[in-house]
Amino acid sequence: MTALVRLRLAGFLRTGRALAPVLAGLLALGVLYGGGRAQPAEAYGVSAVVLFPVLAWQTKILLDVEPDVQRRLARVVVGPARERVAGLLAAAVAGLGAIAVALVFPWLVGGVTGPSAPGDRPFAEGLALGLWAHLLALPAAVALGALASRAITRSAGYGVAVLTVGAVAVLVLGLSRSVAPWLVPPVLPTARALAGPLAAPTGVLLTAWALGWAAVGLTGYAWGRRGRA
């Protein structure tokens, strides 16, 4: 399965399909940090929100880049479950690369600042919370991108629709006065939590929420792939 993960990552990179989400992510982060400097935790919380649709889109592109015949052959060789897991792992690895860029980027453009007041978080704590926020967004983004992939939707138009509706729903239903915030991963609630003091129970709740939503989304992906190549 490791070889299959490498094969899919290589196809994603060598075909140049990785360029579009990378440029989109850099553009979005450039606009975000162009508005001024902020504390790391707060800045990274918003960065995770901005990066979420990019990670989902990147996942869809990575899963769609493999020809259908090649995917069917991989399904026969390694089995349906391992074939699905290999694609999701490849998407997760690509997502971790994007997160690494998102964590370094604001320091290159002067978008974040260290603690300047007694109540500010220490630098190490802000960086750790920012990494946590991005890692919470990644599984849900991979799940959304997988649900929008060609293997599920069978149509480019339907795939774009699923991706767009999912990304918009995350923003709309994630608002503080949303009537059904549990229907989407806690990308916006995490950003709001990082804007102020974060209590341990809140962090545990957000982590469980994000992982639970991702588990439901990935279960839906596995169910949708049953009997399909």
# chains A, B, ... in the order shown; residues from 1 in each chain; ligands from 1

call {"tool": "closest_atom_pairs", "arguments": {"of": "segment 114-178 of chain A", "to": "segment 66-85 of chain A", "cutoff": "10 Å", "atoms": "only C-alpha atoms", "output": "CSV"}}
result
residue,atom,partner,partner_atom,distance
A:Ala146,CA,A:Arg84,CA,9.7
A:Arg150,CA,A:Asp68,CA,9.1
A:Ala151,CA,A:Asp68,CA,8.2

call {"tool": "write_last_selection", "arguments": {"atoms": "N, CA and C atoms", "output": "compact mmCIF listing (two decimals), in the first residue's frame"}}
result
# COMPACT_ATOMS: atom_id res chain seq x y z
N ALA A 146 -12.84 13.86 -0.65
CA ALA A 146 -13.09 12.49 -1.09
C ALA A 146 -14.55 12.32 -1.53
N ARG A 150 -14.31 12.04 -8.23
CA ARG A 150 -14.99 11.44 -9.38
C ARG A 150 -15.49 10.04 -9.08
N ALA A 151 -14.77 9.31 -8.23
CA ALA A 151 -15.18 7.94 -7.90
C ALA A 151 -16.53 7.90 -7.20

call {"tool": "residues_around", "arguments": {"residues": "Val5 of chain A", "least_positions_apart": "2", "cutoff": "12 Å", "atoms": "only C-alpha atoms", "output": "PDB file with N, CA and C atoms, in the first residue's frame"}}
result
ATOM      1  N   MET A   1       0.821  -1.210   0.000  1.00  0.00           N
ATOM      2  CA  MET A   1       0.000   0.000   0.000  1.00  0.00           C
ATOM      3  C   MET A   1       0.860   1.267   0.000  1.00  0.00           C
ATOM      4  N   THR A   2       2.036   1.167   0.641  1.00  0.00           N
ATOM      5  CA  THR A   2       2.949   2.308   0.645  1.00  0.00           C
ATOM      6  C   THR A   2       3.343   2.701  -0.774  1.00  0.00           C
ATOM      7  N   ALA A   3       3.578   1.697  -1.596  1.00  0.00           N
ATOM      8  CA  ALA A   3       3.945   1.968  -2.991  1.00  0.00           C
ATOM      9  C   ALA A   3       2.804   2.669  -3.720  1.00  0.00           C
ATOM     10  N   LEU A   7       2.846   6.257  -5.476  1.00  0.00           N
ATOM     11  CA  LEU A   7       2.452   6.362  -6.879  1.00  0.00           C
ATOM     12  C   LEU A   7       1.446   7.485  -7.079  1.00  0.00           C
ATOM     13  N   ARG A   8       0.480   7.587  -6.178  1.00  0.00           N
ATOM     14  CA  ARG A   8      -0.536   8.632  -6.324  1.00  0.00           C
ATOM     15  C   ARG A   8       0.030  10.021  -6.042  1.00  0.00           C
ATOM     16  N   LEU A   9       0.926  10.115  -5.085  1.00  0.00           N
ATOM     17  CA  LEU A   9       1.575  11.402  -4.838  1.00  0.00           C
ATOM     18  C   LEU A   9       2.446  11.803  -6.026  1.00  0.00           C
ATOM     19  N   ALA A  10       3.146  10.833  -6.604  1.00  0.00           N
ATOM     20  CA  ALA A  10       3.986  11.130  -7.770  1.00  0.00           C
ATOM     21  C   ALA A  10       3.139  11.591  -8.944  1.00  0.00           C
ATOM     22  N   GLY A  11       2.016  10.924  -9.180  1.00  0.00           N
ATOM     23  CA  GLY A  11       1.136  11.354 -10.254  1.00  0.00           C
ATOM     24  C   GLY A  11       0.573  12.744 -10.021  1.00  0.00           C
ATOM     25  N   PHE A  12       0.255  13.042  -8.775  1.00  0.00           N
ATOM     26  CA  PHE A  12      -0.272  14.362  -8.419  1.00  0.00           C
ATOM     27  C   PHE A  12       0.753  15.456  -8.688  1.00  0.00           C
ATOM     28  N   LEU A  62      -6.233  15.288  -6.258  1.00  0.00           N
ATOM     29  CA  LEU A  62      -5.327  14.151  -6.116  1.00  0.00           C
ATOM     30  C   LEU A  62      -6.045  12.831  -6.392  1.00  0.00           C
ATOM     31  N   LEU A  63      -7.261  12.693  -5.880  1.00  0.00           N
ATOM     32  CA  LEU A  63      -7.996  11.442  -6.094  1.00  0.00           C
ATOM     33  C   LEU A  63      -8.493  11.308  -7.530  1.00  0.00           C
ATOM     34  N   GLU A  66      -5.777  10.081 -10.975  1.00  0.00           N
ATOM     35  CA  GLU A  66      -5.516   8.704 -11.401  1.00  0.00           C
ATOM     36  C   GLU A  66      -6.576   8.251 -12.399  1.00  0.00           C
ATOM     37  N   ALA A  74      -5.606  -1.152  -9.363  1.00  0.00           N
ATOM     38  CA  ALA A  74      -5.130  -1.083  -7.981  1.00  0.00           C
ATOM     39  C   ALA A  74      -6.122  -1.732  -7.035  1.00  0.00           C
ATOM     40  N   VAL A  78      -4.552  -4.728  -4.685  1.00  0.00           N
ATOM     41  CA  VAL A  78      -4.379  -4.568  -3.232  1.00  0.00           C
ATOM     42  C   VAL A  78      -5.682  -4.735  -2.457  1.00  0.00           C
ATOM     43  N   ARG A  82      -7.837  -1.322   0.949  1.00  0.00           N
ATOM     44  CA  ARG A  82      -6.477  -0.778   0.897  1.00  0.00           C
ATOM     45  C   ARG A  82      -6.330   0.257  -0.208  1.00  0.00           C
ATOM     46  N   GLU A  83      -7.035   0.062  -1.297  1.00  0.00           N
ATOM     47  CA  GLU A  83      -6.991   1.045  -2.389  1.00  0.00           C
ATOM     48  C   GLU A  83      -7.586   2.372  -1.926  1.00  0.00           C
ATOM     49  N   ARG A  84      -8.701   2.318  -1.205  1.00  0.00           N
ATOM     50  CA  ARG A  84      -9.317   3.549  -0.696  1.00  0.00           C
ATOM     51  C   ARG A  84      -8.416   4.228   0.332  1.00  0.00           C
ATOM     52  N   VAL A  85      -7.883   3.436   1.245  1.00  0.00           N
ATOM     53  CA  VAL A  85      -7.021   3.999   2.286  1.00  0.00           C
ATOM     54  C   VAL A  85      -5.777   4.636   1.690  1.00  0.00           C
ATOM     55  N   ALA A  86      -5.211   4.027   0.652  1.00  0.00           N
ATOM     56  CA  ALA A  86      -4.013   4.579   0.017  1.00  0.00           C
ATOM     57  C   ALA A  86      -4.293   5.974  -0.549  1.00  0.00           C
ATOM     58  N   GLY A  87      -5.449   6.139  -1.180  1.00  0.00           N
ATOM     59  CA  GLY A  87      -5.790   7.448  -1.708  1.00  0.00           C
ATOM     60  C   GLY A  87      -5.959   8.487  -0.615  1.00  0.00           C
ATOM     61  N   LEU A  88      -6.612   8.102   0.476  1.00  0.00           N
ATOM     62  CA  LEU A  88      -6.824   9.030   1.584  1.00  0.00           C
ATOM     63  C   LEU A  88      -5.502   9.386   2.270  1.00  0.00           C
ATOM     64  N   LEU A  89      -4.609   8.400   2.402  1.00  0.00           N
ATOM     65  CA  LEU A  89      -3.304   8.674   2.999  1.00  0.00           C
ATOM     66  C   LEU A  89      -2.484   9.618   2.119  1.00  0.00           C
ATOM     67  N   ALA A  90      -2.543   9.406   0.812  1.00  0.00           N
ATOM     68  CA  ALA A  90      -1.834  10.303  -0.094  1.00  0.00           C
ATOM     69  C   ALA A  90      -2.370  11.729   0.027  1.00  0.00           C
ATOM     70  N   ALA A  91      -3.690  11.859   0.136  1.00  0.00           N
ATOM     71  CA  ALA A  91      -4.290  13.179   0.302  1.00  0.00           C
ATOM     72  C   ALA A  91      -3.880  13.810   1.626  1.00  0.00           C
ATOM     73  N   ALA A  92      -3.797  13.003   2.680  1.00  0.00           N
ATOM     74  CA  ALA A  92      -3.388  13.517   3.986  1.00  0.00           C
ATOM     75  C   ALA A  92      -1.939  13.993   3.962  1.00  0.00           C
ATOM     76  N   VAL A  93      -1.059  13.229   3.295  1.00  0.00           N
ATOM     77  CA  VAL A  93       0.346  13.631   3.190  1.00  0.00           C
ATOM     78  C   VAL A  93       0.466  14.949   2.426  1.00  0.00           C
ATOM     79  N   ALA A  94      -0.263  15.069   1.325  1.00  0.00           N
ATOM     80  CA  ALA A  94      -0.256  16.324   0.570  1.00  0.00           C
ATOM     81  C   ALA A  94      -0.793  17.470   1.416  1.00  0.00           C
TER      82      ALA A  94
END

call {"tool": "residues_around", "arguments": {"residues": "Val165 of chain A", "least_positions_apart": "4", "cutoff": "12 Å", "atoms": "only C-alpha atoms", "output": "VMD selection string"}}
result
chain A and resid 53 56 144 to 145 147 to 148 158 to 161 169 to 173 184

call {"tool": "write_last_selection", "arguments": {"atoms": "all heavy atoms", "output": "CSV table (one decimal), in the first residue's frame"}}
result
chain,number,residue,atom,x,y,z
A,53,PRO,N,-11.1,25.0,2.4
A,53,PRO,CA,-11.5,24.6,1.1
A,53,PRO,C,-10.4,24.3,0.1
A,53,PRO,O,-10.6,23.5,-0.8
A,53,PRO,CB,-12.3,25.9,0.6
A,53,PRO,CG,-11.8,27.0,1.5
A,53,PRO,CD,-11.4,26.4,2.8
A,56,ALA,N,-9.5,20.7,0.8
A,56,ALA,CA,-10.6,19.8,0.2
A,56,ALA,C,-10.4,19.7,-1.3
A,56,ALA,O,-10.6,18.6,-1.9
A,56,ALA,CB,-12.0,20.3,0.6
A,144,LEU,N,-14.2,15.8,2.9
A,144,LEU,CA,-15.1,16.5,1.9
A,144,LEU,C,-14.5,16.3,0.5
A,144,LEU,O,-15.3,16.1,-0.4
A,144,LEU,CB,-15.1,18.0,2.3
A,144,LEU,CG,-15.8,18.9,1.4
A,144,LEU,CD1,-17.3,18.5,1.2
A,144,LEU,CD2,-15.8,20.4,1.8
A,145,GLY,N,-13.2,16.4,0.3
A,145,GLY,CA,-12.6,16.3,-1.0
A,145,GLY,C,-12.9,14.9,-1.5
A,145,GLY,O,-13.1,14.7,-2.7
A,147,LEU,N,-15.5,12.9,-0.8
A,147,LEU,CA,-16.9,12.8,-1.2
A,147,LEU,C,-17.2,13.5,-2.5
A,147,LEU,O,-18.1,13.2,-3.2
A,147,LEU,CB,-17.8,13.4,-0.1
A,147,LEU,CG,-17.8,12.6,1.2
A,147,LEU,CD1,-18.5,13.5,2.3
A,147,LEU,CD2,-18.5,11.3,1.0
A,148,ALA,N,-16.3,14.5,-2.8
A,148,ALA,CA,-16.5,15.2,-4.1
A,148,ALA,C,-15.7,14.6,-5.2
A,148,ALA,O,-15.8,15.1,-6.4
A,148,ALA,CB,-16.1,16.7,-3.9
A,158,TYR,N,-21.0,17.5,-10.8
A,158,TYR,CA,-21.5,17.1,-9.4
A,158,TYR,C,-20.4,17.2,-8.4
A,158,TYR,O,-20.6,17.6,-7.3
A,158,TYR,CB,-22.0,15.7,-9.5
A,158,TYR,CG,-23.3,15.5,-10.2
A,158,TYR,CD1,-23.6,14.4,-10.9
A,158,TYR,CD2,-24.3,16.6,-10.2
A,158,TYR,CE1,-24.8,14.2,-11.6
A,158,TYR,CE2,-25.5,16.4,-10.9
A,158,TYR,CZ,-25.7,15.3,-11.6
A,158,TYR,OH,-26.9,15.1,-12.3
A,159,GLY,N,-19.2,16.9,-8.8
A,159,GLY,CA,-18.0,17.0,-7.9
A,159,GLY,C,-17.8,18.4,-7.4
A,159,GLY,O,-17.6,18.7,-6.2
A,160,VAL,N,-17.8,19.3,-8.4
A,160,VAL,CA,-17.6,20.8,-8.0
A,160,VAL,C,-18.8,21.2,-7.1
A,160,VAL,O,-18.6,22.0,-6.2
A,160,VAL,CB,-17.5,21.6,-9.3
A,160,VAL,CG1,-17.6,23.1,-9.0
A,160,VAL,CG2,-16.3,21.3,-10.1
A,161,ALA,N,-20.0,20.8,-7.4
A,161,ALA,CA,-21.2,21.2,-6.6
A,161,ALA,C,-21.0,20.7,-5.2
A,161,ALA,O,-21.3,21.4,-4.2
A,161,ALA,CB,-22.4,20.6,-7.2
A,169,ALA,N,-21.1,25.6,3.3
A,169,ALA,CA,-21.9,25.2,4.5
A,169,ALA,C,-21.0,25.3,5.7
A,169,ALA,O,-21.4,25.7,6.8
A,169,ALA,CB,-22.3,23.8,4.3
A,170,VAL,N,-19.7,25.0,5.6
A,170,VAL,CA,-18.8,25.1,6.7
A,170,VAL,C,-18.7,26.6,7.2
A,170,VAL,O,-18.7,26.8,8.4
A,170,VAL,CB,-17.4,24.6,6.3
A,170,VAL,CG1,-16.3,25.0,7.3
A,170,VAL,CG2,-17.4,23.1,6.1
A,171,LEU,N,-18.7,27.5,6.3
A,171,LEU,CA,-18.7,28.9,6.6
A,171,LEU,C,-20.0,29.4,7.2
A,171,LEU,O,-20.0,30.1,8.2
A,171,LEU,CB,-18.2,29.8,5.4
A,171,LEU,CG,-16.9,29.5,4.8
A,171,LEU,CD1,-16.6,30.3,3.6
A,171,LEU,CD2,-15.8,29.7,5.9
A,172,VAL,N,-21.1,29.0,6.6
A,172,VAL,CA,-22.4,29.5,7.0
A,172,VAL,C,-22.9,28.9,8.3
A,172,VAL,O,-23.3,29.6,9.2
A,172,VAL,CB,-23.4,29.3,5.9
A,172,VAL,CG1,-24.8,29.7,6.4
A,172,VAL,CG2,-23.1,30.1,4.6
A,173,LEU,N,-22.8,27.6,8.3
A,173,LEU,CA,-23.3,26.9,9.5
A,173,LEU,C,-22.3,27.0,10.7
A,173,LEU,O,-22.6,26.6,11.8
A,173,LEU,CB,-23.5,25.4,9.2
A,173,LEU,CG,-24.6,25.1,8.2
A,173,LEU,CD1,-24.8,23.6,8.0
A,173,LEU,CD2,-26.0,25.7,8.7
A,184,VAL,N,-21.5,20.6,10.4
A,184,VAL,CA,-20.2,20.9,9.7
A,184,VAL,C,-19.1,20.7,10.7
A,184,VAL,O,-19.2,20.8,11.9
A,184,VAL,CB,-20.2,22.3,9.0
A,184,VAL,CG1,-21.2,22.4,7.9
A,184,VAL,CG2,-20.4,23.3,10.1

call {"tool": "closest_atom_pairs", "arguments": {"of": "segment 53-102 of chain A", "to": "segment 13-20 of chain A", "cutoff": "8 Å", "atoms": "only C-alpha atoms", "output": "CSV"}}
result
residue,atom,partner,partner_atom,distance
A:Gln58,CA,A:Ala18,CA,7.3
A:Ile61,CA,A:Arg17,CA,7.0
A:Leu62,CA,A:Arg17,CA,7.6
A:Val65,CA,A:Arg17,CA,7.7

call {"tool": "write_last_selection", "arguments": {"atoms": "C-alpha atoms", "output": "tab-separated table (two decimals), in the first residue's frame"}}
result
chain	number	residue	atom	x	y	z
A	58	GLN	CA	-6.47	19.49	-3.31
A	61	ILE	CA	-7.68	16.79	-7.51
A	62	LEU	CA	-5.33	14.15	-6.12
A	65	VAL	CA	-5.79	12.50	-11.24

call {"tool": "residues_around", "arguments": {"residues": "segment 138-143 of chain A", "least_positions_apart": "3", "cutoff": "6 Å", "atoms": "only C-alpha atoms", "output": "CSV table (one decimal) with C-alpha atoms, in the first residue's frame"}}
result
chain,number,residue,atom,x,y,z
A,52,PHE,CA,-9.9,24.3,4.5
A,55,LEU,CA,-7.2,21.3,1.3
A,56,ALA,CA,-10.6,19.8,0.2
A,59,THR,CA,-7.8,16.1,-2.1
A,135,LEU,CA,-4.6,19.5,12.0
A,146,ALA,CA,-13.1,12.5,-1.1
A,214,ALA,CA,-14.3,13.4,9.6
A,217,GLY,CA,-17.5,11.8,6.1
A,218,LEU,CA,-15.0,9.1,5.5

call {"tool": "residues_around", "arguments": {"residues": "Leu194 of chain A", "least_positions_apart": "6", "cutoff": "10 Å", "atoms": "only C-alpha atoms", "output": "list in words"}}
result
Gln39, Pro40, Ala41, Glu42, Ala43, Tyr44, Gly45, Val46, Gly126, Leu129, Gly130, Ala133, Leu188 and Gly203 of chain A

call {"tool": "select_by_dssp", "arguments": {"residues": "segment 4-223 of chain A", "states": "helix (DSSP H, G or I)", "output": "MDAnalysis selection string"}}
result
chainID A and resid 4:14 19:33 40:65 68:78 80:108 123:147 150:153 156:173 181:183 187:194 200:223

call {"tool": "closest_residue", "arguments": {"among": "A:Leu136, A:Pro21, A:Ala195, A:Arg177", "to": "Leu211 of chain A", "atoms": "only C-alpha atoms"}}
result
A:Leu136

call {"tool": "residues_around", "arguments": {"residues": "Thr202 of chain A", "least_positions_apart": "4", "cutoff": "12 Å", "atoms": "only C-alpha atoms", "output": "PyMOL selection string"}}
result
chain A and resi 186+189-190+192-194+196-198+206-209

call {"tool": "write_last_selection", "arguments": {"atoms": "N, CA and C atoms", "output": "tab-separated table (two decimals), in the first residue's frame"}}
result
chain	number	residue	atom	x	y	z
A	186	PRO	N	-15.83	21.83	12.96
A	186	PRO	CA	-15.69	23.07	13.74
A	186	PRO	C	-14.52	23.95	13.30
A	189	PRO	N	-15.61	27.60	14.68
A	189	PRO	CA	-15.54	27.61	16.14
A	189	PRO	C	-14.12	27.51	16.69
A	190	THR	N	-13.25	26.78	16.02
A	190	THR	CA	-11.86	26.68	16.45
A	190	THR	C	-11.17	28.03	16.31
A	192	ARG	N	-12.58	30.95	16.41
A	192	ARG	CA	-13.10	31.84	17.46
A	192	ARG	C	-12.48	31.50	18.81
A	193	ALA	N	-12.29	30.21	19.07
A	193	ALA	CA	-11.72	29.80	20.35
A	193	ALA	C	-10.28	30.30	20.50
A	194	LEU	N	-9.54	30.34	19.40
A	194	LEU	CA	-8.15	30.77	19.46
A	194	LEU	C	-8.01	32.28	19.57
A	196	GLY	N	-9.29	34.00	21.85
A	196	GLY	CA	-9.27	34.32	23.27
A	196	GLY	C	-8.70	33.17	24.06
A	197	PRO	N	-8.86	33.20	25.37
A	197	PRO	CA	-8.36	32.08	26.19
A	197	PRO	C	-9.07	30.78	25.83
A	198	LEU	N	-8.30	29.71	25.70
A	198	LEU	CA	-8.85	28.42	25.32
A	198	LEU	C	-8.82	27.48	26.52
A	206	LEU	N	-13.76	20.40	20.79
A	206	LEU	CA	-13.52	20.73	19.38
A	206	LEU	C	-12.78	19.59	18.68
A	207	THR	N	-11.83	18.97	19.37
A	207	THR	CA	-11.10	17.84	18.77
A	207	THR	C	-12.03	16.67	18.50
A	208	ALA	N	-12.86	16.32	19.49
A	208	ALA	CA	-13.81	15.22	19.31
A	208	ALA	C	-14.80	15.52	18.20
A	209	TRP	N	-15.26	16.76	18.14
A	209	TRP	CA	-16.20	17.20	17.10
A	209	TRP	C	-15.58	17.04	15.72

call {"tool": "residues_around", "arguments": {"residues": "Pro106 of chain A", "least_positions_apart": "2", "cutoff": "12 Å", "atoms": "only C-alpha atoms", "output": "short mmCIF file (atom, residue, chain, number, x, y, z; two decimals) with N, CA and C atoms, in the first residue's frame"}}
result
data_model
loop_
_atom_site.label_atom_id
_atom_site.label_comp_id
_atom_site.auth_asym_id
_atom_site.auth_seq_id
_atom_site.Cartn_x
_atom_site.Cartn_y
_atom_site.Cartn_z
N LEU A 26 -1.53 29.97 -1.52
CA LEU A 26 -0.62 31.09 -1.31
C LEU A 26 -1.31 32.43 -1.52
N ALA A 28 -4.56 33.04 -1.12
CA ALA A 28 -5.48 33.26 0.01
C ALA A 28 -4.71 33.69 1.26
N LEU A 29 -3.59 33.03 1.52
CA LEU A 29 -2.79 33.39 2.69
C LEU A 29 -2.18 34.79 2.53
N GLY A 30 -1.79 35.13 1.31
CA GLY A 30 -1.25 36.46 1.07
C GLY A 30 -2.27 37.55 1.35
N VAL A 31 -3.50 37.33 0.92
CA VAL A 31 -4.57 38.29 1.20
C VAL A 31 -4.84 38.36 2.70
N LEU A 32 -4.85 37.20 3.35
CA LEU A 32 -5.12 37.16 4.79
C LEU A 32 -4.08 37.95 5.58
N TYR A 33 -2.83 37.67 5.33
CA TYR A 33 -1.78 38.31 6.12
C TYR A 33 -1.42 39.70 5.62
N GLY A 34 -1.97 40.09 4.48
CA GLY A 34 -1.73 41.44 3.99
C GLY A 34 -2.47 42.50 4.77
N GLY A 35 -3.42 42.08 5.61
CA GLY A 35 -4.22 43.04 6.37
C GLY A 35 -3.56 43.54 7.65
N GLY A 36 -2.43 42.97 8.02
CA GLY A 36 -1.75 43.41 9.24
C GLY A 36 -1.23 42.23 10.03
N ARG A 37 -0.56 42.54 11.13
CA ARG A 37 0.06 41.51 11.94
C ARG A 37 -0.87 41.11 13.07
N ALA A 38 -0.76 39.85 13.51
CA ALA A 38 -1.59 39.34 14.59
C ALA A 38 -0.80 38.34 15.40
N GLN A 39 -1.33 37.99 16.58
CA GLN A 39 -0.71 36.95 17.39
C GLN A 39 -0.80 35.60 16.67
N PRO A 40 0.20 34.72 16.85
CA PRO A 40 0.21 33.46 16.10
C PRO A 40 -1.05 32.63 16.21
N ALA A 41 -1.56 32.41 17.42
CA ALA A 41 -2.74 31.56 17.59
C ALA A 41 -3.94 32.11 16.84
N ALA A 43 -3.94 34.29 14.32
CA ALA A 43 -3.69 34.30 12.89
C ALA A 43 -3.81 32.91 12.29
N TYR A 44 -3.27 31.92 12.98
CA TYR A 44 -3.33 30.55 12.47
C TYR A 44 -4.76 29.99 12.52
N VAL A 46 -7.49 31.66 11.85
CA VAL A 46 -8.12 32.14 10.62
C VAL A 46 -7.48 31.47 9.40
N SER A 47 -6.19 31.23 9.46
CA SER A 47 -5.50 30.55 8.36
C SER A 47 -6.09 29.17 8.11
N ILE A 99 -0.06 22.39 5.00
CA ILE A 99 -0.10 22.97 6.34
C ILE A 99 1.27 23.49 6.75
N ALA A 100 2.33 22.76 6.40
CA ALA A 100 3.68 23.22 6.70
C ALA A 100 3.95 24.57 6.05
N VAL A 101 3.52 24.71 4.80
CA VAL A 101 3.69 26.00 4.11
C VAL A 101 2.88 27.08 4.80
N ALA A 102 1.65 26.75 5.22
CA ALA A 102 0.79 27.74 5.88
C ALA A 102 1.36 28.19 7.22
N LEU A 103 2.08 27.32 7.90
CA LEU A 103 2.67 27.69 9.19
C LEU A 103 3.91 28.57 9.01
N VAL A 104 4.64 28.37 7.93
CA VAL A 104 5.87 29.14 7.70
C VAL A 104 5.58 30.47 7.00
N LEU A 108 7.35 34.73 6.79
CA LEU A 108 8.11 35.25 5.65
C LEU A 108 7.60 36.60 5.20
N VAL A 109 6.31 36.88 5.44
CA VAL A 109 5.72 38.14 4.98
C VAL A 109 5.42 39.08 6.13
N GLY A 110 5.86 38.73 7.34
CA GLY A 110 5.63 39.61 8.48
C GLY A 110 4.18 39.69 8.91
N GLY A 111 3.45 38.58 8.79
CA GLY A 111 2.03 38.60 9.13
C GLY A 111 1.72 38.28 10.57
N VAL A 112 2.70 37.83 11.33
CA VAL A 112 2.48 37.50 12.74
C VAL A 112 3.52 38.21 13.59
N THR A 113 3.20 38.36 14.86
CA THR A 113 4.09 39.03 15.79
C THR A 113 4.15 38.24 17.08
N LEU A 127 2.11 28.86 18.54
CA LEU A 127 2.47 27.99 17.41
C LEU A 127 1.84 26.62 17.55
N GLY A 130 -1.80 26.87 16.78
CA GLY A 130 -2.01 27.04 15.35
C GLY A 130 -1.86 25.73 14.60
#

call {"tool": "atom_distance", "arguments": {"atom1": "atom CA of Leu205 of chain A", "atom2": "atom CA of Trp182 of chain A"}}
result
11.6 Å

call {"tool": "atom_distance", "arguments": {"atom1": "atom CA of Arg121 of chain A", "atom2": "atom CA of Val54 of chain A"}}
result
28.1 Å

call {"tool": "decode", "arguments": {"residues": "segment 63-76 of chain A", "atoms": "N, CA and C atoms", "output": "compact mmCIF listing (two decimals), in the first residue's frame"}}
result
# COMPACT_ATOMS: atom_id res chain seq x y z
N LEU A 63 -7.26 12.69 -5.88
CA LEU A 63 -8.00 11.44 -6.09
C LEU A 63 -8.49 11.31 -7.53
N ASP A 64 -8.69 12.43 -8.21
CA ASP A 64 -9.20 12.38 -9.58
C ASP A 64 -8.11 12.24 -10.63
N VAL A 65 -6.84 12.49 -10.24
CA VAL A 65 -5.79 12.50 -11.24
C VAL A 65 -5.50 11.09 -11.77
N GLU A 66 -5.78 10.08 -10.97
CA GLU A 66 -5.52 8.70 -11.40
C GLU A 66 -6.58 8.25 -12.40
N PRO A 67 -6.20 7.72 -13.55
CA PRO A 67 -7.18 7.22 -14.51
C PRO A 67 -8.05 6.13 -13.90
N ASP A 68 -9.29 6.03 -14.38
CA ASP A 68 -10.22 5.05 -13.83
C ASP A 68 -9.71 3.62 -13.99
N VAL A 69 -9.10 3.33 -15.13
CA VAL A 69 -8.58 1.98 -15.36
C VAL A 69 -7.49 1.64 -14.36
N GLN A 70 -6.60 2.58 -14.12
CA GLN A 70 -5.51 2.34 -13.17
C GLN A 70 -6.06 2.15 -11.77
N ARG A 71 -7.11 2.90 -11.41
CA ARG A 71 -7.71 2.74 -10.10
C ARG A 71 -8.36 1.37 -9.96
N ARG A 72 -8.98 0.89 -11.04
CA ARG A 72 -9.59 -0.44 -11.00
C ARG A 72 -8.52 -1.53 -10.83
N LEU A 73 -7.39 -1.36 -11.52
CA LEU A 73 -6.31 -2.32 -11.38
C LEU A 73 -5.77 -2.34 -9.95
N ALA A 74 -5.61 -1.15 -9.36
CA ALA A 74 -5.13 -1.08 -7.98
C ALA A 74 -6.12 -1.73 -7.04
N ARG A 75 -7.39 -1.57 -7.33
CA ARG A 75 -8.44 -2.19 -6.50
C ARG A 75 -8.33 -3.71 -6.54
N VAL A 76 -8.01 -4.24 -7.72
CA VAL A 76 -7.88 -5.69 -7.86
C VAL A 76 -6.62 -6.20 -7.18
